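To be precise, the following lines are model-v2.cif, and they hold mmCIF, C-alpha atoms.
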data_target
loop_
_atom_site.label_atom_id
_atom_site.label_comp_id
_atom_site.auth_asym_id
_atom_site.auth_seq_id
_atom_site.Cartn_x
_atom_site.Cartn_y
_atom_site.Cartn_z
CA MET A 1 23.47 1.04 19.09
CA SER A 2 22.88 1.27 22.82
CA ASP A 3 19.58 -0.18 24.01
CA ARG A 4 20.25 1.46 27.35
CA SER A 5 20.42 4.93 25.76
CA ILE A 6 17.39 4.35 23.56
CA ASN A 7 15.28 3.15 26.50
CA LEU A 8 16.33 6.17 28.54
CA LEU A 9 15.44 8.55 25.70
CA LYS A 10 12.04 6.86 25.35
CA ARG A 11 11.29 7.39 29.05
CA LEU A 12 12.52 10.97 28.96
CA THR A 13 10.67 12.04 25.82
CA GLU A 14 7.40 10.44 26.86
CA ALA A 15 7.47 12.36 30.15
CA ASP A 16 5.19 15.39 30.02
CA ALA A 17 7.16 18.33 31.39
CA PRO A 18 6.40 21.77 29.93
CA SER A 19 8.29 24.76 31.26
CA GLY A 20 7.46 25.38 34.90
CA PHE A 21 5.98 21.87 35.27
CA GLU A 22 9.07 19.68 34.90
CA ASP A 23 8.24 17.12 37.61
CA GLU A 24 7.94 14.03 35.39
CA ALA A 25 11.30 14.62 33.72
CA ARG A 26 12.92 15.61 37.01
CA ARG A 27 11.80 12.34 38.62
CA ILE A 28 13.66 10.36 35.96
CA PHE A 29 16.75 12.51 36.52
CA GLU A 30 16.54 11.83 40.26
CA ASP A 31 15.88 8.10 39.87
CA GLU A 32 18.83 7.65 37.54
CA LEU A 33 21.38 9.62 39.58
CA ARG A 34 20.50 9.03 43.22
CA GLU A 35 23.13 6.28 43.48
CA ILE A 36 25.81 8.62 42.09
CA GLY A 37 25.41 11.25 44.77
CA GLU A 38 22.92 13.17 46.86
CA ILE A 39 20.27 14.90 44.75
CA LYS A 40 19.72 18.48 45.80
CA LYS A 41 17.22 21.03 44.55
CA ASP A 42 16.76 24.75 44.87
CA ARG A 43 13.68 26.92 45.20
CA MET A 44 13.52 27.38 41.43
CA GLY A 45 13.16 23.63 40.91
CA ASN A 46 16.64 23.02 39.50
CA LEU A 47 18.24 19.65 40.34
CA PHE A 48 21.89 19.02 41.20
CA CYS A 49 23.97 15.86 41.53
CA SER A 50 27.69 16.11 42.23
CA HIS A 51 30.54 13.62 42.14
CA THR A 52 34.12 14.28 43.22
CA GLY A 53 36.98 12.44 41.59
CA SER A 54 40.66 12.64 42.54
CA SER A 55 40.39 16.39 43.10
CA ASP A 56 37.60 18.78 44.10
CA THR A 57 38.80 21.32 41.53
CA PRO A 58 38.22 22.35 38.85
CA VAL A 59 34.43 22.34 39.09
CA VAL A 60 32.80 21.19 35.86
CA MET A 61 29.11 21.87 35.26
CA LEU A 62 27.22 19.50 32.93
CA ASP A 63 23.98 21.34 32.23
CA CYS A 64 20.71 20.41 30.56
CA HIS A 65 17.16 21.71 30.68
CA PRO A 66 14.37 19.23 31.45
CA ASP A 67 11.50 21.40 30.19
CA GLU A 68 9.86 21.15 26.79
CA VAL A 69 7.78 23.68 24.87
CA GLY A 70 4.11 23.37 25.77
CA PHE A 71 1.08 25.41 26.71
CA MET A 72 -1.06 26.48 29.67
CA VAL A 73 -4.84 26.55 29.96
CA GLN A 74 -5.93 30.18 29.74
CA SER A 75 -9.70 29.72 29.91
CA ILE A 76 -12.56 27.35 29.07
CA THR A 77 -15.33 28.51 26.76
CA SER A 78 -19.02 27.97 27.52
CA GLN A 79 -18.96 25.16 24.92
CA GLY A 80 -16.12 23.38 26.74
CA PHE A 81 -13.27 24.27 24.42
CA ILE A 82 -9.87 25.13 25.92
CA LYS A 83 -8.16 28.42 25.17
CA PHE A 84 -4.41 28.34 25.82
CA VAL A 85 -1.19 30.35 25.92
CA PRO A 86 2.24 29.10 24.79
CA LEU A 87 5.06 28.09 27.07
CA GLY A 88 8.01 28.60 24.76
CA GLY A 89 8.29 29.22 21.04
CA TRP A 90 5.64 27.78 18.71
CA TRP A 91 4.67 28.41 15.09
CA GLY A 92 0.98 28.23 14.26
CA HIS A 93 1.59 26.15 11.13
CA VAL A 94 2.58 23.06 13.17
CA LEU A 95 -0.37 22.98 15.58
CA LEU A 96 -3.77 22.51 13.95
CA SER A 97 -5.31 19.04 14.44
CA GLN A 98 -2.46 17.93 16.70
CA ARG A 99 -3.12 15.85 19.82
CA MET A 100 -2.44 17.42 23.20
CA THR A 101 -2.34 16.22 26.80
CA VAL A 102 -4.00 18.53 29.30
CA MET A 103 -2.50 17.84 32.72
CA GLY A 104 -5.67 18.49 34.70
CA ASP A 105 -6.36 18.44 38.42
CA LYS A 106 -7.93 14.96 38.14
CA GLY A 107 -5.38 13.47 35.76
CA LYS A 108 -4.37 13.70 32.14
CA ILE A 109 -7.01 14.48 29.52
CA HIS A 110 -6.29 14.04 25.83
CA GLY A 111 -7.56 16.56 23.31
CA VAL A 112 -7.05 17.86 19.78
CA ILE A 113 -6.36 21.38 18.61
CA SER A 114 -9.48 22.17 16.64
CA ALA A 115 -9.25 23.10 12.98
CA THR A 116 -11.96 24.32 10.66
CA PRO A 117 -12.36 21.90 7.71
CA PRO A 118 -11.31 23.42 4.36
CA HIS A 119 -14.90 22.97 3.13
CA LEU A 120 -16.00 25.71 5.53
CA LEU A 121 -13.19 28.17 4.85
CA GLU A 122 -13.21 31.10 2.48
CA LYS A 123 -10.50 30.81 -0.17
CA GLY A 124 -8.33 33.54 1.36
CA ALA A 125 -8.51 31.98 4.83
CA ARG A 126 -6.99 28.71 3.59
CA GLU A 127 -3.75 30.52 2.77
CA LYS A 128 -3.24 32.17 6.16
CA VAL A 129 -1.48 30.94 9.28
CA VAL A 130 -3.92 30.64 12.16
CA HIS A 131 -2.68 32.51 15.21
CA ILE A 132 -2.45 30.63 18.50
CA GLU A 133 -4.85 33.14 20.07
CA ALA A 134 -7.55 31.89 17.68
CA MET A 135 -7.01 28.18 18.44
CA HIS A 136 -8.87 25.91 20.86
CA ILE A 137 -8.35 22.41 22.24
CA ASP A 138 -11.29 20.04 21.94
CA VAL A 139 -11.32 17.59 24.88
CA GLY A 140 -14.75 16.19 24.05
CA ALA A 141 -16.52 18.17 26.77
CA ALA A 142 -20.18 19.09 26.33
CA ASP A 143 -19.72 22.43 28.06
CA ARG A 144 -17.55 24.39 30.51
CA GLU A 145 -19.01 22.63 33.54
CA GLU A 146 -18.11 19.17 32.26
CA ALA A 147 -14.59 20.27 31.31
CA MET A 148 -13.97 21.83 34.71
CA ASP A 149 -15.99 19.75 37.19
CA LYS A 150 -15.85 16.27 35.64
CA PHE A 151 -12.54 16.41 33.75
CA GLY A 152 -10.76 18.59 36.31
CA ILE A 153 -9.44 21.13 33.80
CA GLN A 154 -8.70 24.55 35.28
CA PRO A 155 -6.99 27.73 34.15
CA GLY A 156 -3.27 27.35 34.86
CA ASN A 157 -3.09 23.63 34.05
CA PRO A 158 -0.10 22.75 31.84
CA ILE A 159 -0.53 21.20 28.40
CA ALA A 160 2.02 18.99 26.63
CA PRO A 161 2.16 17.64 23.06
CA PHE A 162 1.05 14.03 22.73
CA SER A 163 3.53 12.04 20.65
CA PRO A 164 4.91 8.57 21.46
CA PHE A 165 8.54 7.59 20.97
CA ILE A 166 8.98 5.60 17.73
CA PRO A 167 12.12 4.10 16.13
CA MET A 168 11.92 4.66 12.38
CA ALA A 169 12.51 2.24 9.48
CA ASN A 170 16.19 3.04 9.88
CA PRO A 171 16.40 2.02 13.56
CA LYS A 172 19.14 4.56 14.22
CA MET A 173 16.68 7.35 13.43
CA LEU A 174 14.37 8.03 16.38
CA SER A 175 11.17 10.06 16.41
CA ALA A 176 9.59 11.65 19.49
CA LYS A 177 8.49 14.90 21.04
CA ALA A 178 10.79 16.87 23.34
CA PHE A 179 14.20 15.73 22.08
CA ASP A 180 14.82 19.40 22.84
CA ASN A 181 16.00 18.89 25.45
CA ARG A 182 15.61 15.37 26.74
CA CYS A 183 18.68 14.54 24.63
CA GLY A 184 20.60 16.86 26.92
CA CYS A 185 19.04 15.26 29.99
CA GLY A 186 20.04 11.82 28.80
CA LEU A 187 23.60 12.96 28.11
CA VAL A 188 23.96 14.47 31.58
CA ILE A 189 22.54 11.33 33.22
CA GLU A 190 24.67 8.85 31.29
CA SER A 191 27.81 10.99 31.51
CA MET A 192 27.50 11.19 35.28
CA GLN A 193 27.00 7.42 35.47
CA ARG A 194 30.05 6.71 33.31
CA LEU A 195 32.30 9.20 35.09
CA ALA A 196 31.31 8.04 38.57
CA GLU A 197 33.08 4.77 37.77
CA GLN A 198 36.32 6.54 36.86
CA ASP A 199 38.96 8.60 38.65
CA HIS A 200 38.18 11.91 36.96
CA PRO A 201 40.48 14.79 37.98
CA ASN A 202 37.80 17.25 39.05
CA GLN A 203 34.41 17.71 40.65
CA ILE A 204 31.44 17.36 38.32
CA TYR A 205 27.92 18.63 38.75
CA GLY A 206 25.08 17.19 36.71
CA VAL A 207 22.44 19.92 36.60
CA ALA A 208 18.88 20.04 35.29
CA SER A 209 18.07 23.75 34.91
CA VAL A 210 14.35 24.42 34.57
CA GLN A 211 12.40 26.88 32.41
CA GLU A 212 14.94 27.28 29.62
CA GLU A 213 12.24 27.49 26.96
CA VAL A 214 10.68 30.58 28.52
CA GLY A 215 13.84 32.62 28.93
CA ILE A 216 16.85 30.77 30.43
CA ARG A 217 15.37 31.27 33.90
CA GLY A 218 16.59 28.22 35.78
CA ALA A 219 20.19 28.50 34.62
CA GLU A 220 20.48 32.02 36.03
CA VAL A 221 19.91 30.45 39.46
CA SER A 222 21.64 27.06 39.07
CA VAL A 223 24.99 28.48 37.97
CA ALA A 224 25.13 30.54 41.17
CA ARG A 225 24.87 27.38 43.25
CA VAL A 226 27.47 25.39 41.31
CA LYS A 227 29.99 28.23 40.76
CA PRO A 228 31.67 26.29 37.94
CA ASP A 229 35.13 26.80 36.48
CA VAL A 230 34.03 25.30 33.16
CA ALA A 231 30.58 24.40 31.81
CA ILE A 232 29.37 22.02 29.12
CA VAL A 233 25.78 22.66 28.06
CA LEU A 234 24.08 19.63 26.46
CA GLU A 235 21.39 20.44 23.93
CA ALA A 236 19.36 19.37 20.89
CA PRO A 237 19.75 22.17 18.33
CA PRO A 238 17.78 22.35 15.08
CA ALA A 239 19.15 20.19 12.27
CA ASP A 240 19.71 22.19 9.10
CA ASP A 241 19.70 19.49 6.42
CA LEU A 242 16.07 19.92 5.32
CA PRO A 243 14.96 20.33 1.70
CA GLY A 244 15.68 23.84 0.49
CA SER A 245 18.69 24.31 2.78
CA ASP A 246 21.94 25.74 1.49
CA ARG A 247 23.93 22.55 0.94
CA ASP A 248 27.20 24.45 1.30
CA ALA A 249 26.32 25.79 4.76
CA LEU A 250 25.13 22.69 6.61
CA GLN A 251 26.42 22.41 10.19
CA GLY A 252 23.84 20.19 11.88
CA ILE A 253 23.25 16.99 9.91
CA PRO A 254 21.77 13.99 11.74
CA GLY A 255 24.21 11.09 11.59
CA LYS A 256 27.30 13.27 11.11
CA GLY A 257 28.23 13.58 14.77
CA ILE A 258 27.77 15.73 17.84
CA GLN A 259 27.55 19.46 17.11
CA LEU A 260 30.09 21.84 18.69
CA ARG A 261 28.56 25.31 18.84
CA LEU A 262 31.23 28.02 18.76
CA PHE A 263 28.91 31.01 18.43
CA ASP A 264 25.32 32.14 18.65
CA PRO A 265 23.97 35.65 19.33
CA THR A 266 24.09 35.00 23.09
CA MET A 267 27.63 33.59 23.52
CA ILE A 268 31.06 33.43 21.91
CA VAL A 269 32.99 30.35 23.03
CA ARG A 270 36.40 31.13 24.50
CA PRO A 271 38.90 30.21 21.73
CA GLN A 272 41.12 28.18 24.05
CA LEU A 273 38.13 26.06 25.13
CA ALA A 274 36.99 25.63 21.54
CA ARG A 275 40.45 24.37 20.56
CA PHE A 276 40.60 22.09 23.61
CA VAL A 277 37.27 20.46 22.70
CA GLN A 278 38.07 20.08 19.01
CA ASP A 279 41.51 18.65 19.71
CA ILE A 280 40.08 15.98 22.01
CA ALA A 281 37.31 15.11 19.54
CA GLU A 282 39.91 14.67 16.81
CA GLU A 283 42.31 12.76 19.05
CA LYS A 284 39.57 10.32 20.13
CA LYS A 285 38.15 10.14 16.57
CA ILE A 286 34.72 11.20 17.79
CA ARG A 287 32.51 12.33 14.92
CA HIS A 288 31.60 15.97 15.31
CA GLN A 289 30.48 19.00 13.34
CA VAL A 290 31.30 22.62 14.12
CA SER A 291 28.50 25.19 14.17
CA VAL A 292 28.41 28.98 14.02
CA ARG A 293 24.76 29.92 14.54
CA ARG A 294 23.07 33.06 13.24
CA ALA A 295 20.18 32.74 15.70
CA GLY A 296 19.14 31.00 18.88
CA GLY A 297 20.51 30.67 22.38
CA THR A 298 20.84 28.22 25.25
CA ASN A 299 21.49 28.12 28.99
CA ALA A 300 25.06 29.04 28.07
CA ARG A 301 23.83 32.63 27.83
CA ALA A 302 23.43 32.82 31.60
CA ILE A 303 26.19 30.39 32.61
CA HIS A 304 29.11 31.99 30.77
CA ARG A 305 28.36 35.41 32.28
CA TYR A 306 28.32 34.28 35.91
CA GLY A 307 30.78 35.85 38.36
CA GLN A 308 34.06 36.65 36.63
CA GLY A 309 33.02 34.53 33.66
CA VAL A 310 32.78 30.78 32.97
CA ALA A 311 34.33 29.16 29.92
CA THR A 312 31.34 27.39 28.37
CA ILE A 313 30.64 25.34 25.27
CA VAL A 314 27.40 23.88 23.88
CA LEU A 315 27.37 20.31 22.56
CA GLY A 316 24.21 19.35 20.70
CA VAL A 317 22.48 16.39 19.09
CA PRO A 318 21.04 17.80 15.82
CA ALA A 319 17.27 17.31 15.81
CA ARG A 320 14.91 17.86 12.90
CA TYR A 321 11.63 19.70 13.58
CA ILE A 322 12.23 20.87 17.15
CA HIS A 323 9.46 22.88 18.80
CA THR A 324 6.85 20.69 17.16
CA HIS A 325 5.07 17.48 18.16
CA VAL A 326 7.58 15.24 16.38
CA SER A 327 11.35 15.63 16.12
CA ILE A 328 13.92 13.22 14.72
CA ILE A 329 17.49 12.44 15.82
CA HIS A 330 20.20 9.93 14.91
CA ILE A 331 21.29 7.83 17.89
CA ASP A 332 24.94 7.84 16.74
CA ASP A 333 25.10 11.61 17.32
CA TYR A 334 23.85 11.12 20.87
CA LEU A 335 26.42 8.38 21.51
CA ALA A 336 29.18 10.56 20.05
CA GLY A 337 28.14 13.29 22.47
CA LEU A 338 28.34 10.84 25.35
CA ASP A 339 31.84 9.78 24.33
CA LEU A 340 32.98 13.39 23.94
CA VAL A 341 31.66 14.54 27.33
CA GLU A 342 33.44 11.64 28.99
CA ALA A 343 36.70 12.40 27.19
CA LEU A 344 36.51 16.11 28.00
CA VAL A 345 35.85 15.64 31.70
CA MET A 346 38.68 13.12 32.00
CA LYS A 347 41.07 15.75 30.59
CA LEU A 348 39.77 18.76 32.54
CA ASP A 349 42.37 19.00 35.28
CA GLU A 350 44.01 22.09 36.79
CA GLN A 351 46.58 22.32 34.00
CA ALA A 352 43.85 22.18 31.34
CA LEU A 353 41.93 24.88 33.21
CA GLU A 354 45.02 27.09 33.33
CA ASN A 355 45.48 26.68 29.58
CA ILE A 356 41.82 27.50 28.89
CA TYR A 357 42.08 30.79 30.78
CA ARG A 358 45.55 31.69 29.52
#

Would you mind writing the file's structure down as structure tokens?
Amino acid sequence: MSDRSINLLKRLTEADAPSGFEDEARRIFEDELREIGEIKKDRMGNLFCSHTGSSDTPVVMLDCHPDEVGFMVQSITSQGFIKFVPLGGWWGHVLLSQRMTVMGDKGKIHGVISATPPHLLEKGAREKVVHIEAMHIDVGAADREEAMDKFGIQPGNPIAPFSPFIPMANPKMLSAKAFDNRCGCGLVIESMQRLAEQDHPNQIYGVASVQEEVGIRGAEVSVARVKPDVAIVLEAPPADDLPGSDRDALQGIPGKGIQLRLFDPTMIVRPQLARFVQDIAEEKKIRHQVSVRRAGGTNARAIHRYGQGVATIVLGVPARYIHTHVSIIHIDDYLAGLDLVEALVMKLDEQALENIYR
């Protein structure tokens, strides 16, 4: 295992950075990469770090999104409870009684999503999913005035899940919030650091594209700045090895390697790029698993459609229970992804680019 990678993932996942409020995660990205190259940002909040090897072409974009699913304060009731709206996709089943961090004007305030005890529920109500619109966060305030004036909570404040990073009994299994997509952030950071020490035959851009969880917004802007020839999107897709899954259709098993996504409803990977990636993974004996997804999408949706088109592939660290307070990954999948990105970039020269677009 890599203590360096685990410590970086701990810092990244414990940063509170819901969509539109990515500052804490972006600061880590900046701190880690400022010695690689100048950090630039655009008006959207996207971050860019470039490094030129032996040639300034082709241009390779390594993309991640620093935001996590979260919430925003919508209003405060007269009793001091917080009403909220989602930032990204949530399912009501995973929220009741969970701890939250309200990022208020006077600092962070911890709270709990209130839940009616079963003793007070009618029988039929116990069997229903509570809608987010009916939920509140209890921050321990006596009333609206205390919540707003003393605690500094205001409509528009972001809210993040509260969940510390914890290695599990099997130390290769790691538990934390926001692996989607701090795994991708870590892979971009560490890939840039590795490649900056080598004579790679291209120009690479490490990019943190904001607001992915609310509609691929940052990537629509960041790709226009980079103008890549090829893009590798680093992600943390949902693992599919849970109880009840079709055992004959598993394509995202923690511990079985980095996932190569060839299709989802938003992008079909160019066959020549797919073959290029798989050949290198096999040549380097990097554990990987191929995925054809029936649902979902990533920043690749926007990136591959830019200009005349950008050959793009998504590499992902399978993560159980994404879009909840606690997800689980296997560190070996992350390290396999790091090895594969390095190997791909070292092979992406002008001849490889010509073959990809043949």

(request) Starting from the shown file, work through the PyMOL selection byres ((chain A and resi 229) around 12) and note down what comes out as a PyMOL selection string. (result) chain A and resi 56-62+202-205+223-224+226-228+230-232+273+303-312+348-350+352-354+356-357

(request) Please identify all polymer residues within 12 Å of A:Ala219, counting all atoms listed in the file, omitting same-chain residues fewer than 4 positions from it, and present them as a ChimeraX atom specification. (result) /A:42,44-48,61-66,207-215,223-227,231,233,298-306

(message) Which residues would end up in the selection if the PyMOL selection byres ((chain A and resi 173-175) around 10) were applied here, given that I need the answer as a PyMOL selection string?
(response) chain A and resi 6+9-10+13+163-172+176-179+254-255+319-320+325-332

(request) May I ask which of the residues A:Ile76, A:Cys185, A:Leu121, A:Ala134 is the closest one to A:Gln154, counting all atoms listed in the file? (result)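 Comparing A:Ile76, A:Cys185, A:Leu121, A:Ala134 against A:Gln154, the winner is A:Ile76.
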
(request) Provide the atom CA of A:His131 to atom CA of A:Phe81 distance in Å, to one decimal place. (result) 16.3 Å

(message) Which residues, named as in the file, does the PyMOL selection byres ((chain A and resi 194) around 12) pick out? Answer as a ChimeraX atom specification.
(response) /A:33,36,51,187-193,195-200,204,338-343,345-346

What's the 12 Å shell around A:Ala249, counting only C-alpha atoms, without same-chain residues fewer than 6 positions away, as a PDB file with C-alpha atoms, in the coordinates of the input?
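File produced: selection-v9.pdb:
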ATOM      1  CA  ALA A 239      19.150  20.190  12.270  1.00  0.00           C
ATOM      2  CA  ASP A 240      19.710  22.190   9.100  1.00  0.00           C
ATOM      3  CA  ASP A 241      19.700  19.490   6.420  1.00  0.00           C
ATOM      4  CA  LEU A 242      16.070  19.920   5.320  1.00  0.00           C
ATOM      5  CA  GLN A 289      30.480  19.000  13.340  1.00  0.00           C
ATOM      6  CA  VAL A 290      31.300  22.620  14.120  1.00  0.00           C
ATOM      7  CA  SER A 291      28.500  25.190  14.170  1.00  0.00           C
ATOM      8  CA  VAL A 292      28.410  28.980  14.020  1.00  0.00           C
ATOM      9  CA  ARG A 293      24.760  29.920  14.540  1.00  0.00           C
ATOM     10  CA  ARG A 294      23.070  33.060  13.240  1.00  0.00           C
TER      11      ARG A 294
END

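In terms of minimum interatomic distance to A:Gly92, A:Val130 ranks closest within A:Val73, A:Ile268, A:Val130, A:Val112, counting only C-alpha atoms.
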
(message) Please compute the atom CA of A:Val269-atom CA of A:Pro238 distance, one decimal, in Å.
(response)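 Computed distance, atom CA of A:Val269 to atom CA of A:Pro238, equals 18.9 Å.
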
(request) Counting all atoms listed in the file, figure out which residue out of A:Gly186, A:Arg261, A:Pro237, A:Pro118 gets nearest to A:Val277. (result)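 For A:Val277, the nearest of the candidates is A:Arg261.
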
(message) Which polymer residues, whether protein, DNA or RNA, lie within 12 Å of the coordinate (-9.9, 30.4, 29.2) when you count all atoms listed in the file? List them as a list in words, using the chain letters and numbers from the file.
(response)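 Applying the cut-off with all atoms listed in the file, one gets Met72, Val73, Gln74, Ser75, Ile76, Thr77, Ser78, Gln79, Gly80, Phe81, Ile82, Lys83, Phe84, Val85, Glu133, Ala134, Met135, His136, Ile137, Arg144, Ala147, Met148, Ile153, Gln154, Pro155, Gly156 and Asn157 of chain A.
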
Those residues with C-alpha atoms, as a compact mmCIF listing (two decimals), in the coordinates of the input please?
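Saved to selection35.txt:
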# COMPACT_ATOMS: atom_id res chain seq x y z
CA MET A 72 -1.06 26.48 29.67
CA VAL A 73 -4.84 26.55 29.96
CA GLN A 74 -5.93 30.18 29.74
CA SER A 75 -9.70 29.72 29.91
CA ILE A 76 -12.56 27.35 29.07
CA THR A 77 -15.33 28.51 26.76
CA SER A 78 -19.02 27.97 27.52
CA GLN A 79 -18.96 25.16 24.92
CA GLY A 80 -16.12 23.38 26.74
CA PHE A 81 -13.27 24.27 24.42
CA ILE A 82 -9.87 25.13 25.92
CA LYS A 83 -8.16 28.42 25.17
CA PHE A 84 -4.41 28.34 25.82
CA VAL A 85 -1.19 30.35 25.92
CA GLU A 133 -4.85 33.14 20.07
CA ALA A 134 -7.55 31.89 17.68
CA MET A 135 -7.01 28.18 18.44
CA HIS A 136 -8.87 25.91 20.86
CA ILE A 137 -8.35 22.41 22.24
CA ARG A 144 -17.55 24.39 30.51
CA ALA A 147 -14.59 20.27 31.31
CA MET A 148 -13.97 21.83 34.71
CA ILE A 153 -9.44 21.13 33.80
CA GLN A 154 -8.70 24.55 35.28
CA PRO A 155 -6.99 27.73 34.15
CA GLY A 156 -3.27 27.35 34.86
CA ASN A 157 -3.09 23.63 34.05

(request) Rounded to one decimal place, report the atom CA of A:Asp23-atom CA of A:Gly337 distance in Å. (result) 25.3 Å

Where's the centre, and what are the edge lengths in Å to one decimal, of a box along x, y and z enclosing all listed atoms of stretch 204-221 of chain A padded 5 Å per side, as JSON?
{"center_x": 21.1, "center_y": 24.9, "center_z": 33.2, "size_x": 30.8, "size_y": 25.4, "size_z": 22.5}

(message) Give me the residues near stretch 15-21 of chain A as a PyMOL selection string, where near means some atom within 6 Å (using all atoms listed in the file) and where sequence neighbours in that chain fewer than 4 positions away do not count.
(response) chain A and resi 25+67-70+160+211

(request) Find the residue from A:Gly53, A:Gly297, A:Gly124, A:Gly152 that sits nearest to A:Ile109; use only C-alpha atoms when measuring. (result)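 Answer, going by the shortest atom-to-atom distance: A:Gly152.
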
(message) What's around A:Arg99 at 7 Å? Count all atoms listed in the file, leave out sequence neighbours fewer than 4 positions away in its own chain, and write the answer as a VMD selection string.
(response) chain A and resid 111 to 113 161 to 162

Taking (6.2, 23.4, 17.0) in the file's coordinates, which residues come within 7 Å, counting all atoms listed in the file, written as a CSV table (one decimal) with C-alpha atoms, in the coordinates of the input?
chain,number,residue,atom,x,y,z
A,90,TRP,CA,5.6,27.8,18.7
A,91,TRP,CA,4.7,28.4,15.1
A,94,VAL,CA,2.6,23.1,13.2
A,95,LEU,CA,-0.4,23.0,15.6
A,322,ILE,CA,12.2,20.9,17.2
A,323,HIS,CA,9.5,22.9,18.8
A,324,THR,CA,6.8,20.7,17.2
A,325,HIS,CA,5.1,17.5,18.2

(request) Find, counting all atoms listed in the file, the residue in A:Gln278, A:Cys183, A:Ser50, A:Thr116 that gets nearest to A:Ser5. (result)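 The shortest atom-to-atom distance to A:Ser5 comes from A:Cys183.
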